[in-house]
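Here the structure is laid out as structure tokens; the discussion comes afterwards.
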Amino acid sequence: MATKTKEVLESKVKDSEIEDLTAPDSLKVPAKPALKPVVVPVDKPVVYPLDLPESEIRLRTPAVGQRASRPDGRLHGLGQTQYIDDMTFPHMIFAKILRSEHAHAKILSIDTSEAEAMPGVLATLTGSEIPVNSFGPTLQDQPVLANEIVRHAGDGVAAVAALTEQQASDALTKIKVKYKPLPTVFDPLEAIKDDAPKVHAPRSNIYASKIIKKGDVEKALKESDQVFHKQFKTQMVEHVPLEPHSSVAMWDANGRVTIYSSLGRITLGRDDLARTLGKPMNKIRLVGTIVGGNFGGKNEITTEPILAMLSKKTGRPVKGTFTRGDEFISSTTRHPFVMDYTTGVKKDGQILGRKIRLVLDGGSYCSWTSTTLGKGGILAAGPYNIANLLVEAHAVYTNKTTTGAMRGFGAPQVCFAYESHMDDMAHALGIDPLEMRLRNAFTEGSVSPTGQLLQSVAIKESLQQAAERFGWKESAK
Amino acid sequence: MKKRGRGIACMWYPIGFTVAANPSAATVKINTDGTATLLTGTVETGQGALTVLGQIAAETLGIATDDVHVVSADTDATPMDTGAIASRTTYVTGNAIIKAAEQAREILFEAAAPMLSVKPEQLEAHDRKIQVIGFPQQYKTIGEVAHHSEIVIGRPAIGSGSYNPPTVEMDPETGQGKPFSTYVYATQIADVEVDDETGEVEVLRIVAIHDCGTPINPMLVEGQIQGGISMGIGFALQEEILFKDGKQVNPNLTNYIMPTSLDMPELEVDMVDNYDPTGPFGAKGAGEPTAVPTAAAIMNAIYDAVGVRITSLPATSEKVLSAILEQKAA
């Protein structure tokens with residue numbers, strides 16, 4: 001069907017070209033308006049009809065419960081969505097950022113003079129020129145551009161704005177940064193030790209902790225028929241949104257700055273911009289567009305203040321789009337977890353007590369670590385009724401890529417641990433893994449690890465429905 | 001030899017921020033033809049949020065999804081919003097939109113009451129009409145009422161509202177408290193094939209049953225679940241940022257391996273029947289939790305297939321094979 005439509009359209013295009021270019025007026029066949037293709041002037045012209053009928057489902061009432069299509073879906077399908085990198089403004093220039101190759105080092109000097117003399121370069125920027133050179137949702141421990149110490153290989157140290165991206169990239173190679181390397185620590189279990197190199201000296205590497213305590217876990221473990229212990233570990237992963245971080249900043253003659261950004265949170269993004277730029281909030285306009293994937297990775301500012309300052313210096317709109325490499329080494333990632341689980345059970349599978357220790361690799365800056373620590377800790381025991389519980393969770397700095405918000409805030413890590421642990425116990429006790437879960441799962445009115453009375457609980461329903469759909473009983477070995 | 005295995009994993013996940021305030025505000029403007037404009041400060045990050053939010057506004061006003069145009073994400077024009085984070089948009093922004101739309105709708109009820117010779121509280125908005133409760137044949141169209149209210153009475157139907165999920169601070173020593181207003185639940189079951197000579201794991205099928213309260217748009221929830229599973233498969237089997245001396249060695253899509261459509265198993269996704277009285281029309285959320293149980297289900301399926309417990313992610317072929325060889329040696 002789609003191919004056929006394409007053929008029809010192509011033939012129509014050909015027809016119209018013939019009409020316009022070769023046929024004398026007298027021989028022209030009038031085009032049927034309904035089928036006349038529209039040519040949209042974009043870089044690579046696409047041809048399609050714009051008067052498609054509206055989906056019937058979007059016209060139905062009541063609206064809730066309908067499988068309504070997305071208004072942005074058609075724009076995506078027709079290539080009409082304007083992502084930031086599709087936007088262009090008169091006299092717009094491009095910014096690139098020089099990043100540290102060192103995992104931990106003191107910056108002795110930054111010399112941008114040679115870069116400034118490069119063709120096409122209109123301005124450079126270092127951290128000392130940013131009015132308030134720090135940001136972060138919980139702790140403002142991260143510089144917009146590092147100007148004293150770099151704490152991971154990926155910290156931005158200087159920026160260049162030039163007429164083309166290539167000129168900006170070329171100029172980066174001419175910036176001279178002198179570093180004095182500092183001792184490094186990469187393993188969170190090493191970083192937690194007292195004598196480990198300090199990532200944010202003189203502060204301890206342990207920068208957030210959480211404890212959840214309920215009942216008497218030691219007593220429960222003693223009274224258990226069997227006690228199981230295992231350590232689980234997870235890795236660092238990237239969000240990999242299809243659209244990398246991208247922004248355009250325009251500083252106007254009234255001192256008002258407009259920023260188009262791929263951020264997923266514009267209200268708090270504007271707060272951060274007001275703080276870093278030292279401007280009242282009403283002098284900043286932050287516009288979000290359709291974002292090409294977020295997954296938690298676009299929840300805080302990255303280059304926006306840099307682009308704004310470069311725009312102020314040059315009087316031009318300044319665009320900055322991350323390369324895939326920037327995306328990996330300088331944006332946030334998922335926290336690696338080290339998780340120790342000790343669980344005491346009765347022979348019938350009932351969990352009597354559980355002790356959990358979580359160590360989060362917090363990377364070089366706090367970012368959304370406190371949230372990840374909190375959610376990870378609260379969720380760590382699983383959706384199970386456990387009267388005796390002790391969860392101890394710590395986040396530690398390391399000289400690695402910053403870890404931050406990512407889809408699930410620690411939940412995928414702890415779920416891997418508590419559900420693997422659950423199966424180990426079920427197998428050891430000779431209980432079917434589904435049955436083991438049903439025996440311990442929350443029900444309506446269960447009390448959570450933090451003492452909260454739970455409502456609209458549907459864990460057993462989801463277990464039973466999934467088992468039925470999968471054919472759990474039928475597929476037993 | 002290729003061996004089959006199945007693994008189950010369930011999870012729970014909260015909606016919104018941990019204790020901290022995370023409000024949303026919204027403004028709803030009803031046009032004089034009965035269509036409406038919703039202003040929200042949240043951002044469409046690909047999840048379909050604006051569609052769901054438009055449906056919530058439409059439902060409250062008794063009009064259709066397409067009758068509501070959603071304007072989003074401009075700090076000069078849209079009200080504050082904590083943003084597209086913490087699986088909070090449907091629940092928190094949705095509740096704010098209901099309040100805003102109710103306020104706008106109240107103006108219509110007050111304008112329509114004398115037109116229909118009843119009191120405002122005797123009216124309801126349904127199928128693009130303002131009608132008398134119990135007497136649906138007595139009605140005025142929303143367009144007629146909105147026009148009358150704005151052009152004749154001089155009272156445009158505009159409403160604003162905000163919502164913040166209620167929480168209770170956690171005790172610093174015991175963690176006791178009410179950190180979230182509500183939670184969602186889910187189970188995923190994976191069917192895998194493990195080659196015991198190479199350690200390669202192929203995920204054949206995943207059944208995913210998620211609770212999101214009452215779905216506002218089941219199609220978009222299914223989309224979230226499918227996307228979450230693909231992210232979960234990457235986390236389970238392939239993705240890992242590797243370091244040497246503190247520098248990433250694979251910061252590119254050639255050497256950082258993630259699932260493509262060819263790696264996706266057969267998916268069966270559905271929702272449990274549920275209703276949360278605190279959510280907008282019974283809804284909770286569906287964004288993040290979809291990626292949560294996938295890796296655990298796959299690891300349990302690997303154990304079922306070849307009897308090895310993978311304790312560190314990702315379960316690459318090398319790691320699975322070495323676990324199999326270790327087990328044979330033992």
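As shown in the structure tokens, the chain order sets the letters A, B, ...; within each chain, residues go from 1, and ligands are also counted from 1 in the order they appear.
All residues of protein, DNA or RNA that reach within 6 Å of Thr42 of chain B, judged by only C-alpha atoms and not counting those fewer than 2 positions away in the chain, are Thr40, Ala73, Asp81 and Gly83 of chain B.
The environment of Thr60 of chain B within 8 Å, counting only C-alpha atoms and disregarding residues fewer than 4 places along the same chain, consists of B:Ile56, B:Ile98, B:Ala101, B:Glu102, B:Arg105, B:Ala125.
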Using DSSP on the backbone coordinates, identify the residues of segment 184-324 of chain B assigned to alpha helix (DSSP H); present them as a PDB file with C-alpha atoms, in the first residue's frame.
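Output contents, as saved in out.pdb:
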```
ATOM      1  CA  PRO B 218      -3.469   2.023  26.163  1.00  0.00           C
ATOM      2  CA  MET B 219      -1.578   2.282  22.858  1.00  0.00           C
ATOM      3  CA  LEU B 220       0.961   4.691  24.320  1.00  0.00           C
ATOM      4  CA  VAL B 221       1.381   2.512  27.422  1.00  0.00           C
ATOM      5  CA  GLU B 222       2.100  -0.447  25.143  1.00  0.00           C
ATOM      6  CA  GLY B 223       4.671   1.687  23.342  1.00  0.00           C
ATOM      7  CA  GLN B 224       6.325   2.568  26.636  1.00  0.00           C
ATOM      8  CA  ILE B 225       6.472  -1.098  27.649  1.00  0.00           C
ATOM      9  CA  GLN B 226       7.972  -2.144  24.322  1.00  0.00           C
ATOM     10  CA  GLY B 227      10.577   0.608  24.503  1.00  0.00           C
ATOM     11  CA  GLY B 228      11.363  -0.154  28.129  1.00  0.00           C
ATOM     12  CA  ILE B 229      11.964  -3.800  27.289  1.00  0.00           C
ATOM     13  CA  SER B 230      14.415  -2.900  24.525  1.00  0.00           C
ATOM     14  CA  MET B 231      16.336  -0.768  27.022  1.00  0.00           C
ATOM     15  CA  GLY B 232      16.151  -3.616  29.550  1.00  0.00           C
ATOM     16  CA  ILE B 233      17.572  -6.086  27.030  1.00  0.00           C
ATOM     17  CA  THR B 294      13.572  -7.079  32.029  1.00  0.00           C
ATOM     18  CA  ALA B 295      17.188  -7.800  32.976  1.00  0.00           C
ATOM     19  CA  ALA B 296      16.165  -9.748  36.082  1.00  0.00           C
ATOM     20  CA  ALA B 297      13.730 -11.901  34.065  1.00  0.00           C
ATOM     21  CA  ILE B 298      16.416 -12.643  31.466  1.00  0.00           C
ATOM     22  CA  MET B 299      18.995 -13.581  34.146  1.00  0.00           C
ATOM     23  CA  ASN B 300      16.501 -15.954  35.743  1.00  0.00           C
ATOM     24  CA  ALA B 301      15.798 -17.464  32.326  1.00  0.00           C
ATOM     25  CA  ILE B 302      19.534 -17.968  31.730  1.00  0.00           C
ATOM     26  CA  TYR B 303      19.695 -19.824  35.058  1.00  0.00           C
ATOM     27  CA  ASP B 304      16.727 -21.954  34.055  1.00  0.00           C
ATOM     28  CA  ALA B 305      18.370 -22.757  30.717  1.00  0.00           C
ATOM     29  CA  VAL B 306      21.935 -23.590  31.731  1.00  0.00           C
ATOM     30  CA  SER B 317      28.452 -14.276  25.781  1.00  0.00           C
ATOM     31  CA  GLU B 318      31.972 -14.304  27.274  1.00  0.00           C
ATOM     32  CA  LYS B 319      30.610 -13.984  30.802  1.00  0.00           C
ATOM     33  CA  VAL B 320      27.897 -16.627  30.346  1.00  0.00           C
ATOM     34  CA  LEU B 321      30.330 -19.038  28.691  1.00  0.00           C
ATOM     35  CA  SER B 322      32.916 -18.658  31.435  1.00  0.00           C
ATOM     36  CA  ALA B 323      30.216 -19.294  34.054  1.00  0.00           C
ATOM     37  CA  ILE B 324      29.157 -22.432  32.181  1.00  0.00           C
TER      38      ILE B 324
END
```
From the set A:Lys230, A:Arg275, A:His200, A:His245, which residue has the shortest atom-to-atom contact distance to chain B, counting only C-alpha atoms?
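Closest candidate: A:Lys230.
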Using DSSP on the backbone coordinates, identify all residues within segment 387-447 of chain A classified as strand (DSSP E); present the result as an MDAnalysis selection string.
chainID A and resid 388:396
If we count only C-alpha atoms, what is near Glu124 of chain B at a cut-off of 8 Å, once residues fewer than 3 positions away on the same chain are taken out, given as a ChimeraX atom specification?
/B:109,130-133
One-decimal distance in Å that lies between atom CA of Ile290 of chain A and atom CA of Ala208 of chain B:
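Atom-to-atom, atom CA of Ala208 of chain B to atom CA of Ile290 of chain A, that is 28.0 Å.
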Which chain A residues are at most 6 Å from chain B (counting only C-alpha atoms), as an MDAnalysis selection string?
chainID A and resid 58:67 70 103 153 211:213 232:237 264:265 267 285:288 290:291 293:294 325 328 383 400 407:408 412 416 419 450:452 456 458:459 462:463 466
Mind pulling up the distance from atom CA of Ile329 of chain A to atom CA of Tyr179 of chain A?
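Distance reported for this atom pair: 19.0 Å.
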Which residues are near Val391 of chain A? Cut-off 10 Å, only C-alpha atoms, ignore same chain within fewer than 5 positions. Put them as a list in words.
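In the requested format, the answer is Lys210, Ile211, Ile212, Lys213, Lys214, Asp340, Tyr341, Arg354, Lys355, Ile356, Arg357, Leu358, Gly376, Gly377, Ile378, Leu379, Ala380, Ala381 and Pro449 of chain A; Thr174 and Gly175 of chain B.
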Rank nothing, just name the residue among B:Ala315, B:Glu169, B:Thr90, B:His147 nearest to Ile30 of chain B, using only C-alpha atoms.
B:His147
What gap, in Å, lies between atom CA of Val199 of chain A and atom CA of Ala393 of chain A?
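Interatomic distance, atom CA of Val199 of chain A to atom CA of Ala393 of chain A: 19.3 Å.
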Distance query Asp225 of chain A at most 7 Å, only C-alpha atoms, self and fewer than 3 positions along chain excluded, as a CSV table (one decimal) with C-alpha atoms, in the first residue's frame:
```
chain,number,residue,atom,x,y,z
A,345,VAL,CA,13.4,-17.4,55.0
A,346,LYS,CA,11.2,-20.1,56.4
A,347,LYS,CA,11.0,-23.5,54.7
```
Find the spatial neighbours of Ala115 of chain A, counting only C-alpha atoms, within a cut-off of 9 Å - ignore same-chain residues fewer than 5 positions away - and output them as a ChimeraX atom specification.
/A:121,123-124,160,168,170-176
Write the residues you've just listed into a file as an mmCIF file, in the first residue's frame, and include N, CA and C atoms for each of them.
```cif
data_model
loop_
_atom_site.group_PDB
_atom_site.id
_atom_site.type_symbol
_atom_site.label_atom_id
_atom_site.label_comp_id
_atom_site.auth_asym_id
_atom_site.auth_seq_id
_atom_site.Cartn_x
_atom_site.Cartn_y
_atom_site.Cartn_z
ATOM 1 N N VAL A 121 37.024 31.898 13.881
ATOM 2 C CA VAL A 121 36.737 31.888 15.314
ATOM 3 C C VAL A 121 36.308 33.283 15.771
ATOM 4 N N ALA A 123 34.881 33.756 19.164
ATOM 5 C CA ALA A 123 35.047 33.907 20.617
ATOM 6 C C ALA A 123 35.475 32.591 21.241
ATOM 7 N N THR A 124 36.100 32.694 22.389
ATOM 8 C CA THR A 124 36.376 31.518 23.227
ATOM 9 C C THR A 124 35.812 31.813 24.612
ATOM 10 N N VAL A 160 34.767 27.131 22.187
ATOM 11 C CA VAL A 160 35.068 27.993 21.040
ATOM 12 C C VAL A 160 33.796 28.198 20.241
ATOM 13 N N ALA A 168 35.288 25.493 14.513
ATOM 14 C CA ALA A 168 35.274 25.434 15.985
ATOM 15 C C ALA A 168 36.061 24.219 16.470
ATOM 16 N N ASP A 170 38.459 22.633 14.843
ATOM 17 C CA ASP A 170 39.881 22.856 14.548
ATOM 18 C C ASP A 170 40.513 23.748 15.617
ATOM 19 N N ALA A 171 39.776 24.776 16.023
ATOM 20 C CA ALA A 171 40.327 25.729 17.001
ATOM 21 C C ALA A 171 40.551 25.081 18.365
ATOM 22 N N LEU A 172 39.720 24.073 18.694
ATOM 23 C CA LEU A 172 39.893 23.399 19.995
ATOM 24 C C LEU A 172 41.305 22.840 20.138
ATOM 25 N N THR A 173 41.858 22.366 19.011
ATOM 26 C CA THR A 173 43.192 21.733 19.074
ATOM 27 C C THR A 173 44.281 22.766 19.380
ATOM 28 N N LYS A 174 43.934 24.048 19.248
ATOM 29 C CA LYS A 174 44.952 25.093 19.486
ATOM 30 C C LYS A 174 44.897 25.647 20.916
ATOM 31 N N ILE A 175 43.935 25.174 21.703
ATOM 32 C CA ILE A 175 43.860 25.643 23.097
ATOM 33 C C ILE A 175 44.895 24.876 23.918
ATOM 34 N N LYS A 176 45.675 25.630 24.684
ATOM 35 C CA LYS A 176 46.720 24.958 25.482
ATOM 36 C C LYS A 176 46.315 24.953 26.955
#
```
